[in-house]
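Colleague: So that we are looking at the same thing, I have put the structure below in structure tokens.
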Amino acid sequence: MEPACLLTHPAIGPYAAGQAGQHDRYDAVRATSTALAAPLSPEDCQVQSMPDCSPVKWHLAHTTWFFETFLLTRFEPSSPPFHPQYRMLFNSYYNAIGAKHPRPQRGLLSRPPLAEVLRYRQHVDDAMHALISRLGGNDPAFDTLLELGLNHEQQHQELILTDIKHMLSANPLKPAYVAAGSPALPPATPTGWTRYAGGITRVGHDGHGFGFDNEGPAHDVLLAPFHLADRLVTQDEYLAFIRDGGYKRPELWLSLGWDLICAQAWRAPLYWEEEQDQWRAFTLHGMQDLESQAPVTHVSYFEADAYARWAGVRLPREAEWEHAARQLAEDTFSERANMLENGHLDPRPAPSANGSGGPVQLFGDAWEWTSSAYDAYPGFQPDAGAVGEYNGKFMCNQFVLRGGSCVTPRDHIRPSYRNFFPPEARWQFSGIRLARDA
């Protein structure tokens, strides 16, 4: 199966206006999730390889649970649930909803089987279409929750692929999720820097179109002049850091990071393996030689920060990143970005610079660690009700990442989008862009 065949129903616009557009968008997003599971066996969909990952079957059920819990239960209260215990089994972290099955034990849920989960999805899809036909475009509260549910499912599409990758990497056979294609790789882009004058700039979601609650409110920030690297750090550049003893030099590391790499014996990014002085990496296409000019990924915040120190510079602040991203034309993160719909499922070497100059790869390829702690913007208010637990309660001990990755749905990303993970996380497609003071 070639990677490009995965998405026969890409979850991306444009869509028709009104209810027709809502029906089309709902179907496209939901079909993408099942398409991502299609190359897998039921056994594949059952496995949970670590507590941070979830089985594919659970992702398919949980995204369905979201629509059933937050839309059907509210707007069709007389409709009975598909199964009364699913409210507990597939609740992720919503304490206001009630009890939850322990996250580290999701892989133990051999029942319901995958076929039953797919029936659950169809049942909820039928009910959602009836609800869209009745309320779509006529009830702002419904429309808002519908769009939240679709964006929530798109987040889980990315998680499906990152969790599949981790699960398959734990298998000694190192099986591929899909066969590797053989497209010509673009030539390497030389390292360069773009200078930004700084000053007062507006960041955050402006309220037009969809945005998660943690993206707002929009507000002014004062930036000092800075430079941003024109592309992401490559695998070859990171290999130089390794060969220069980067993982053996405590002066490069934050204290918690040094303790972590010593305790875990980290000596390279996740999925890298050294064989007779040659490095290879596990990918969604199985074990592959390093692609030297492609961005390094699966590094933690600690590794990204240590690399920046080794290079004599720093990581960007999230306001700097957003300021730079807003200077780019929209097609930079739609048509040109390497994201899920491209079907590569791996980061790609940096393309040639934009016609107007400036950074490339700001969108797609790899999530970019920033040096900014994940915190509330001035005036932030979580959404009302249980959905208010979506983002706000995680504003502690996390760092912000920007830009999306090679497995992020294209119409899911925007300049104001704030992803966040704890500094030790590295099973996501997380990479490095450098910054320096001007």
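Residues in the structure tokens are named by chain (A, B, ... in the order shown) and by number from 1 within that chain; ligands are numbered from 1 in the order shown.
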Tell me which protein, DNA and RNA residues are within 10 Å of segment 374-383 of chain A, counting only C-alpha atoms, leaving out same-chain ones fewer than 4 positions away, and put them as a PDB file with N, CA, C and O atoms, in the first residue's frame.
Modeller:
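The result, stored in part-v3.pdb:
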ATOM      1  N   VAL A 203      -0.435  38.640  18.889  1.00  0.00           N
ATOM      2  CA  VAL A 203      -0.406  37.180  18.826  1.00  0.00           C
ATOM      3  C   VAL A 203      -1.710  36.647  19.411  1.00  0.00           C
ATOM      4  O   VAL A 203      -2.423  37.336  20.142  1.00  0.00           O
ATOM      5  N   GLY A 204      -1.996  35.392  19.081  1.00  0.00           N
ATOM      6  CA  GLY A 204      -3.207  34.756  19.587  1.00  0.00           C
ATOM      7  C   GLY A 204      -4.322  34.769  18.568  1.00  0.00           C
ATOM      8  O   GLY A 204      -4.291  35.505  17.580  1.00  0.00           O
ATOM      9  N   PHE A 212      -8.889  26.812  19.400  1.00  0.00           N
ATOM     10  CA  PHE A 212      -9.043  26.261  20.742  1.00  0.00           C
ATOM     11  C   PHE A 212      -8.976  27.390  21.767  1.00  0.00           C
ATOM     12  O   PHE A 212      -8.382  28.450  21.519  1.00  0.00           O
ATOM     13  N   ASP A 213      -9.562  27.143  22.931  1.00  0.00           N
ATOM     14  CA  ASP A 213      -9.629  28.207  23.942  1.00  0.00           C
ATOM     15  C   ASP A 213      -8.250  28.699  24.361  1.00  0.00           C
ATOM     16  O   ASP A 213      -8.061  29.885  24.657  1.00  0.00           O
ATOM     17  N   ASN A 214      -7.234  27.811  24.342  1.00  0.00           N
ATOM     18  CA  ASN A 214      -5.908  28.224  24.801  1.00  0.00           C
ATOM     19  C   ASN A 214      -5.183  29.128  23.811  1.00  0.00           C
ATOM     20  O   ASN A 214      -4.109  29.649  24.109  1.00  0.00           O
ATOM     21  N   GLU A 215      -5.750  29.328  22.617  1.00  0.00           N
ATOM     22  CA  GLU A 215      -5.134  30.206  21.617  1.00  0.00           C
ATOM     23  C   GLU A 215      -5.493  31.671  21.834  1.00  0.00           C
ATOM     24  O   GLU A 215      -4.948  32.543  21.142  1.00  0.00           O
ATOM     25  N   GLY A 216      -6.389  31.957  22.741  1.00  0.00           N
ATOM     26  CA  GLY A 216      -6.822  33.329  22.931  1.00  0.00           C
ATOM     27  C   GLY A 216      -6.816  33.714  24.403  1.00  0.00           C
ATOM     28  O   GLY A 216      -6.523  32.899  25.284  1.00  0.00           O
ATOM     29  N   PRO A 217      -7.139  34.978  24.642  1.00  0.00           N
ATOM     30  CA  PRO A 217      -7.487  35.984  23.631  1.00  0.00           C
ATOM     31  C   PRO A 217      -6.245  36.574  22.954  1.00  0.00           C
ATOM     32  O   PRO A 217      -5.140  36.519  23.491  1.00  0.00           O
ATOM     33  N   ALA A 218      -6.470  37.145  21.758  1.00  0.00           N
ATOM     34  CA  ALA A 218      -5.376  37.842  21.069  1.00  0.00           C
ATOM     35  C   ALA A 218      -4.909  39.008  21.935  1.00  0.00           C
ATOM     36  O   ALA A 218      -5.705  39.666  22.613  1.00  0.00           O
ATOM     37  N   HIS A 219      -3.622  39.263  21.922  1.00  0.00           N
ATOM     38  CA  HIS A 219      -3.070  40.310  22.779  1.00  0.00           C
ATOM     39  C   HIS A 219      -1.747  40.792  22.192  1.00  0.00           C
ATOM     40  O   HIS A 219      -1.135  40.129  21.348  1.00  0.00           O
ATOM     41  N   ASP A 220      -1.309  41.944  22.645  1.00  0.00           N
ATOM     42  CA  ASP A 220      -0.051  42.529  22.182  1.00  0.00           C
ATOM     43  C   ASP A 220       1.111  42.054  23.037  1.00  0.00           C
ATOM     44  O   ASP A 220       0.986  41.905  24.265  1.00  0.00           O
ATOM     45  N   GLU A 318       7.618  31.434  21.835  1.00  0.00           N
ATOM     46  CA  GLU A 318       6.451  31.172  20.988  1.00  0.00           C
ATOM     47  C   GLU A 318       5.919  32.434  20.324  1.00  0.00           C
ATOM     48  O   GLU A 318       5.420  32.378  19.191  1.00  0.00           O
ATOM     49  N   THR A 370       9.445  25.365  21.458  1.00  0.00           N
ATOM     50  CA  THR A 370       9.805  26.733  21.827  1.00  0.00           C
ATOM     51  C   THR A 370      10.305  26.726  23.262  1.00  0.00           C
ATOM     52  O   THR A 370      10.119  25.748  23.998  1.00  0.00           O
ATOM     53  N   VAL A 387     -16.200  20.693  28.761  1.00  0.00           N
ATOM     54  CA  VAL A 387     -15.219  20.921  27.693  1.00  0.00           C
ATOM     55  C   VAL A 387     -14.165  21.937  28.121  1.00  0.00           C
ATOM     56  O   VAL A 387     -13.117  22.048  27.479  1.00  0.00           O
ATOM     57  N   GLY A 388     -14.406  22.668  29.205  1.00  0.00           N
ATOM     58  CA  GLY A 388     -13.400  23.579  29.735  1.00  0.00           C
ATOM     59  C   GLY A 388     -12.169  22.859  30.250  1.00  0.00           C
ATOM     60  O   GLY A 388     -11.124  23.496  30.486  1.00  0.00           O
ATOM     61  N   GLU A 389     -12.265  21.537  30.448  1.00  0.00           N
ATOM     62  CA  GLU A 389     -11.100  20.752  30.866  1.00  0.00           C
ATOM     63  C   GLU A 389     -10.166  20.435  29.698  1.00  0.00           C
ATOM     64  O   GLU A 389      -9.111  19.836  29.894  1.00  0.00           O
ATOM     65  N   TYR A 390     -10.549  20.828  28.499  1.00  0.00           N
ATOM     66  CA  TYR A 390      -9.824  20.423  27.288  1.00  0.00           C
ATOM     67  C   TYR A 390      -8.365  20.847  27.338  1.00  0.00           C
ATOM     68  O   TYR A 390      -7.465  20.058  27.058  1.00  0.00           O
ATOM     69  N   ASN A 391      -8.097  22.093  27.678  1.00  0.00           N
ATOM     70  CA  ASN A 391      -6.731  22.621  27.604  1.00  0.00           C
ATOM     71  C   ASN A 391      -6.247  23.258  28.899  1.00  0.00           C
ATOM     72  O   ASN A 391      -5.086  23.114  29.271  1.00  0.00           O
ATOM     73  N   GLY A 392      -7.115  24.004  29.543  1.00  0.00           N
ATOM     74  CA  GLY A 392      -6.666  24.868  30.628  1.00  0.00           C
ATOM     75  C   GLY A 392      -6.015  24.150  31.783  1.00  0.00           C
ATOM     76  O   GLY A 392      -5.052  24.640  32.371  1.00  0.00           O
ATOM     77  N   LYS A 393      -6.527  22.970  32.134  1.00  0.00           N
ATOM     78  CA  LYS A 393      -6.015  22.317  33.339  1.00  0.00           C
ATOM     79  C   LYS A 393      -4.623  21.713  33.152  1.00  0.00           C
ATOM     80  O   LYS A 393      -4.039  21.213  34.107  1.00  0.00           O
ATOM     81  N   PHE A 394      -4.106  21.769  31.928  1.00  0.00           N
ATOM     82  CA  PHE A 394      -2.769  21.235  31.665  1.00  0.00           C
ATOM     83  C   PHE A 394      -1.700  22.326  31.654  1.00  0.00           C
ATOM     84  O   PHE A 394      -0.564  22.067  31.236  1.00  0.00           O
ATOM     85  N   MET A 395      -2.042  23.517  32.087  1.00  0.00           N
ATOM     86  CA  MET A 395      -1.091  24.629  32.043  1.00  0.00           C
ATOM     87  C   MET A 395      -0.135  24.569  33.225  1.00  0.00           C
ATOM     88  O   MET A 395      -0.093  25.450  34.095  1.00  0.00           O
ATOM     89  N   CYS A 396       0.648  23.521  33.252  1.00  0.00           N
ATOM     90  CA  CYS A 396       1.630  23.296  34.314  1.00  0.00           C
ATOM     91  C   CYS A 396       2.646  22.275  33.813  1.00  0.00           C
ATOM     92  O   CYS A 396       2.266  21.219  33.268  1.00  0.00           O
ATOM     93  N   ASN A 397       3.929  22.607  33.942  1.00  0.00           N
ATOM     94  CA  ASN A 397       5.003  21.662  33.620  1.00  0.00           C
ATOM     95  C   ASN A 397       4.993  21.191  32.167  1.00  0.00           C
ATOM     96  O   ASN A 397       5.323  20.041  31.875  1.00  0.00           O
ATOM     97  N   GLN A 398       4.611  22.081  31.245  1.00  0.00           N
ATOM     98  CA  GLN A 398       4.592  21.753  29.831  1.00  0.00           C
ATOM     99  C   GLN A 398       5.271  22.886  29.057  1.00  0.00           C
ATOM    100  O   GLN A 398       5.334  24.023  29.527  1.00  0.00           O
ATOM    101  N   PHE A 399       5.751  22.547  27.848  1.00  0.00           N
ATOM    102  CA  PHE A 399       6.309  23.560  26.958  1.00  0.00           C
ATOM    103  C   PHE A 399       5.512  23.586  25.659  1.00  0.00           C
ATOM    104  O   PHE A 399       4.916  22.588  25.254  1.00  0.00           O
ATOM    105  N   VAL A 400       5.512  24.754  25.016  1.00  0.00           N
ATOM    106  CA  VAL A 400       4.714  24.969  23.812  1.00  0.00           C
ATOM    107  C   VAL A 400       5.505  24.540  22.579  1.00  0.00           C
ATOM    108  O   VAL A 400       6.702  24.819  22.458  1.00  0.00           O
ATOM    109  N   LEU A 401       4.813  23.868  21.667  1.00  0.00           N
ATOM    110  CA  LEU A 401       5.347  23.539  20.347  1.00  0.00           C
ATOM    111  C   LEU A 401       4.458  24.191  19.299  1.00  0.00           C
ATOM    112  O   LEU A 401       3.252  24.354  19.497  1.00  0.00           O
ATOM    113  N   ARG A 418      -1.443  26.320  19.448  1.00  0.00           N
ATOM    114  CA  ARG A 418      -0.491  26.033  20.519  1.00  0.00           C
ATOM    115  C   ARG A 418      -0.583  24.561  20.908  1.00  0.00           C
ATOM    116  O   ARG A 418      -1.561  24.133  21.518  1.00  0.00           O
ATOM    117  N   ASN A 419       0.415  23.784  20.555  1.00  0.00           N
ATOM    118  CA  ASN A 419       0.514  22.420  21.065  1.00  0.00           C
ATOM    119  C   ASN A 419       1.369  22.456  22.324  1.00  0.00           C
ATOM    120  O   ASN A 419       2.131  23.415  22.546  1.00  0.00           O
ATOM    121  N   PHE A 420       1.275  21.425  23.137  1.00  0.00           N
ATOM    122  CA  PHE A 420       2.035  21.435  24.393  1.00  0.00           C
ATOM    123  C   PHE A 420       2.292  20.003  24.833  1.00  0.00           C
ATOM    124  O   PHE A 420       1.453  19.120  24.676  1.00  0.00           O
ATOM    125  N   PHE A 421       3.496  19.798  25.370  1.00  0.00           N
ATOM    126  CA  PHE A 421       3.880  18.501  25.915  1.00  0.00           C
ATOM    127  C   PHE A 421       4.862  18.718  27.062  1.00  0.00           C
ATOM    128  O   PHE A 421       5.556  19.749  27.117  1.00  0.00           O
ATOM    129  N   PRO A 422       4.965  17.755  27.975  1.00  0.00           N
ATOM    130  CA  PRO A 422       6.002  17.845  29.002  1.00  0.00           C
ATOM    131  C   PRO A 422       7.385  17.767  28.361  1.00  0.00           C
ATOM    132  O   PRO A 422       7.547  17.209  27.268  1.00  0.00           O
TER     133      PRO A 422
END
Colleague: Using DSSP on the backbone coordinates, identify all residues within segment 58-256 of chain A classified as strand (DSSP E or B); present the result as a compact mmCIF listing (two decimals) with C-alpha atoms, in the first residue's frame.
Modeller:
# COMPACT_ATOMS: atom_id res chain seq x y z
CA TRP A 193 18.78 33.37 9.22
CA THR A 194 15.96 35.87 8.88
CA ARG A 195 16.06 39.02 10.98
CA TYR A 196 12.94 40.47 12.60
CA GLY A 199 8.45 45.83 18.44
CA ILE A 200 4.84 45.44 19.49
CA THR A 201 3.06 42.60 17.68
CA ARG A 202 -0.31 40.90 17.99
CA VAL A 203 -0.41 37.18 18.83
CA HIS A 219 -3.07 40.31 22.78
CA ASP A 220 -0.05 42.53 22.18
CA VAL A 221 3.48 41.48 23.09
CA LEU A 222 6.74 43.37 22.91
CA LEU A 223 9.53 41.58 21.05
CA PHE A 226 15.74 38.54 16.84
CA HIS A 227 16.85 36.12 14.14
CA LEU A 228 15.04 32.90 13.25
CA ALA A 229 16.71 30.02 11.41
CA THR A 234 18.61 18.31 10.04
Colleague: Neighbouring residues of Gln85 of chain A were defined as those with any atom within 12 Å, considering only C-alpha atoms; residues of the same chain fewer than 4 positions away were excluded. Please report them as a ChimeraX atom specification.
Modeller: /A:65,81,89-91,98-101,111-112
Colleague: Export N, CA and C atoms of the chosen residues as a PDB file, in the first residue's frame?
Modeller:
ATOM      1  N   TRP A  65     -17.041   8.745  21.286  1.00  0.00           N
ATOM      2  CA  TRP A  65     -17.540   9.101  22.617  1.00  0.00           C
ATOM      3  C   TRP A  65     -17.698  10.611  22.751  1.00  0.00           C
ATOM      4  N   PRO A  81     -27.893   5.840  25.120  1.00  0.00           N
ATOM      5  CA  PRO A  81     -26.504   5.637  24.685  1.00  0.00           C
ATOM      6  C   PRO A  81     -26.358   4.293  23.977  1.00  0.00           C
ATOM      7  N   LEU A  89     -15.659   3.849  29.884  1.00  0.00           N
ATOM      8  CA  LEU A  89     -14.533   3.199  29.210  1.00  0.00           C
ATOM      9  C   LEU A  89     -13.744   4.157  28.331  1.00  0.00           C
ATOM     10  N   PHE A  90     -14.435   5.069  27.650  1.00  0.00           N
ATOM     11  CA  PHE A  90     -13.770   5.884  26.639  1.00  0.00           C
ATOM     12  C   PHE A  90     -13.679   7.359  27.020  1.00  0.00           C
ATOM     13  N   ASN A  91     -13.900   7.646  28.309  1.00  0.00           N
ATOM     14  CA  ASN A  91     -13.614   8.981  28.842  1.00  0.00           C
ATOM     15  C   ASN A  91     -12.107   9.103  29.010  1.00  0.00           C
ATOM     16  N   GLY A  98     -17.324  12.104  34.871  1.00  0.00           N
ATOM     17  CA  GLY A  98     -17.439  10.976  35.791  1.00  0.00           C
ATOM     18  C   GLY A  98     -16.225  10.083  35.756  1.00  0.00           C
ATOM     19  N   ALA A  99     -16.438   8.821  36.080  1.00  0.00           N
ATOM     20  CA  ALA A  99     -15.350   7.857  36.219  1.00  0.00           C
ATOM     21  C   ALA A  99     -14.673   7.609  34.870  1.00  0.00           C
ATOM     22  N   LYS A 100     -13.402   7.173  34.956  1.00  0.00           N
ATOM     23  CA  LYS A 100     -12.594   6.895  33.768  1.00  0.00           C
ATOM     24  C   LYS A 100     -11.890   5.552  33.948  1.00  0.00           C
ATOM     25  N   HIS A 101     -11.732   4.838  32.866  1.00  0.00           N
ATOM     26  CA  HIS A 101     -10.870   3.661  32.889  1.00  0.00           C
ATOM     27  C   HIS A 101      -9.427   4.150  32.949  1.00  0.00           C
ATOM     28  N   ARG A 111     -12.309  -6.261  25.021  1.00  0.00           N
ATOM     29  CA  ARG A 111     -13.717  -6.069  24.698  1.00  0.00           C
ATOM     30  C   ARG A 111     -14.085  -4.617  25.029  1.00  0.00           C
ATOM     31  N   PRO A 112     -14.834  -3.944  24.179  1.00  0.00           N
ATOM     32  CA  PRO A 112     -15.444  -4.426  22.943  1.00  0.00           C
ATOM     33  C   PRO A 112     -14.402  -4.644  21.847  1.00  0.00           C
TER      34      PRO A 112
END
Colleague: Please report, as a short mmCIF file (atom, residue, chain, number, x, y, z; two decimals) with C-alpha atoms, in the first residue's frame, each residue of segment 167-367 of chain A to which DSSP assigns alpha helix (DSSP H) when run on this structure's backbone.
Modeller:
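And here's result_21.cif as it stands now:
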data_model
loop_
_atom_site.label_atom_id
_atom_site.label_comp_id
_atom_site.auth_asym_id
_atom_site.auth_seq_id
_atom_site.Cartn_x
_atom_site.Cartn_y
_atom_site.Cartn_z
CA MET A 167 3.73 0.41 18.95
CA LEU A 168 5.37 -1.03 15.83
CA SER A 169 8.83 0.10 16.98
CA GLN A 235 19.45 14.76 11.03
CA ASP A 236 23.00 15.26 9.79
CA GLU A 237 23.44 18.37 11.95
CA TYR A 238 22.08 16.56 14.99
CA LEU A 239 24.41 13.65 14.29
CA ALA A 240 27.30 16.09 14.57
CA PHE A 241 26.05 17.02 18.03
CA ILE A 242 26.02 13.34 19.02
CA ARG A 243 29.52 12.74 17.65
CA SER A 255 19.56 19.76 35.37
CA LEU A 256 16.33 17.79 34.94
CA GLY A 257 17.35 16.88 31.40
CA TRP A 258 20.78 15.63 32.48
CA ASP A 259 19.21 13.51 35.21
CA LEU A 260 16.77 12.10 32.68
CA ILE A 261 19.29 11.13 29.99
CA CYS A 262 21.50 9.52 32.63
CA ALA A 263 18.60 7.55 34.11
CA GLN A 264 17.21 6.52 30.71
CA TYR A 301 12.56 19.66 24.88
CA PHE A 302 15.68 18.83 26.88
CA GLU A 303 17.45 17.53 23.76
CA ALA A 304 16.32 20.51 21.67
CA ASP A 305 17.57 22.92 24.33
CA ALA A 306 20.90 21.10 24.68
CA TYR A 307 21.42 21.17 20.91
CA ALA A 308 20.73 24.90 20.82
CA ARG A 309 23.27 25.50 23.60
CA TRP A 310 25.82 23.39 21.73
CA GLU A 318 6.45 31.17 20.99
CA ALA A 319 5.59 34.84 20.32
CA GLU A 320 8.65 35.12 18.07
CA TRP A 321 7.59 32.01 16.18
CA GLU A 322 4.03 33.28 15.69
CA HIS A 323 5.24 36.71 14.62
CA ALA A 324 7.40 35.08 11.94
CA ALA A 325 4.64 32.70 10.84
#
Colleague: Could you list, with a cut-off of 10 Å and counting only C-alpha atoms, the residues of segment 256-375 of chain A near segment 402-417 of chain A, each shown with its nearest atom pair and the distance in Å rounded to one decimal, rows sorted by chain and ascending number, as CSV?
Modeller:
residue,atom,partner,partner_atom,distance
A:Thr297,CA,A:Ser405,CA,9.6
A:Glu318,CA,A:Arg402,CA,7.4
A:Ala319,CA,A:Ser416,CA,9.4
A:Trp321,CA,A:Arg402,CA,7.6
A:Glu322,CA,A:Pro415,CA,5.8
A:His323,CA,A:Pro415,CA,8.5
A:Ala324,CA,A:Pro415,CA,9.1
A:Ala325,CA,A:Pro415,CA,5.9
A:Arg326,CA,A:Pro415,CA,6.4
A:Gln327,CA,A:Pro415,CA,9.8
A:Leu328,CA,A:Pro415,CA,9.6
A:Glu330,CA,A:Arg414,CA,9.1
A:Phe333,CA,A:Arg410,CA,7.5
A:Ser334,CA,A:Arg410,CA,6.2
A:Glu335,CA,A:Arg410,CA,8.7
A:Ala337,CA,A:Arg410,CA,8.0
A:Asn338,CA,A:Cys406,CA,5.4
A:Met339,CA,A:Cys406,CA,4.1
A:Leu340,CA,A:Val407,CA,4.2
A:Glu341,CA,A:Pro409,CA,6.6
A:Asn342,CA,A:Cys406,CA,8.1
A:Gly343,CA,A:Val407,CA,8.3
A:His344,CA,A:Cys406,CA,7.3
A:Leu345,CA,A:Cys406,CA,5.6
A:Asp346,CA,A:Cys406,CA,5.8
A:Pro347,CA,A:Cys406,CA,5.6
A:Arg348,CA,A:Cys406,CA,8.3
A:Gln361,CA,A:Gly403,CA,8.3
A:Leu362,CA,A:Gly403,CA,5.7
A:Phe363,CA,A:Gly403,CA,4.5
A:Gly364,CA,A:Ser405,CA,4.1
A:Asp365,CA,A:Cys406,CA,4.3
A:Ala366,CA,A:Ser405,CA,4.1
A:Trp367,CA,A:Gly404,CA,4.9
A:Glu368,CA,A:Arg402,CA,5.2
A:Trp369,CA,A:Arg402,CA,6.8
A:Thr370,CA,A:Arg402,CA,7.4
Colleague: Select, from A:His152, A:Arg106, A:Arg267, A:His166, the residue with the minimum atom-to-atom distance to Gly245 of chain A, counting only C-alpha atoms.
Modeller: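 Closest residue, counting only C-alpha atoms: A:Arg267.
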Colleague: Env of Arg119 of chain A: 12 Å cut, atoms = only C-alpha atoms, seq-sep filter 3 positions within chain, self excluded. Answer as a PyMOL selection string.
Modeller: chain A and resi 34+60-61+64+82-83+112-116+122-126
Colleague: Would you write out those residues with C-alpha atoms, as a CSV table (one decimal), in the first residue's frame?
Modeller:
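File part21.csv, as written:
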chain,number,residue,atom,x,y,z
A,34,THR,CA,-11.0,4.9,9.8
A,60,LEU,CA,-11.6,5.4,17.3
A,61,ALA,CA,-14.0,4.8,20.2
A,64,THR,CA,-16.9,8.8,18.9
A,82,PHE,CA,-25.1,2.9,22.4
A,83,HIS,CA,-23.7,1.2,25.6
A,112,PRO,CA,-15.4,-4.4,22.9
A,113,PRO,CA,-13.7,-5.8,19.8
A,114,LEU,CA,-12.8,-3.6,16.9
A,115,ALA,CA,-15.8,-4.6,14.9
A,116,GLU,CA,-18.1,-3.4,17.8
A,122,GLN,CA,-21.6,4.1,12.6
A,123,HIS,CA,-24.4,4.4,15.2
A,124,VAL,CA,-23.2,7.8,16.4
A,125,ASP,CA,-22.5,9.0,12.8
A,126,ASP,CA,-26.1,8.2,11.9
Colleague: Would you list the contacts of Leu109 of chain A as a ChimeraX atom specification, taking every protein, DNA or RNA residue within 12 Å and counting only C-alpha atoms, but skipping same-chain residues closer than 4 positions in sequence?
Modeller: /A:43,45-48,54-58,61,86,89-90,101-105,113-114,117
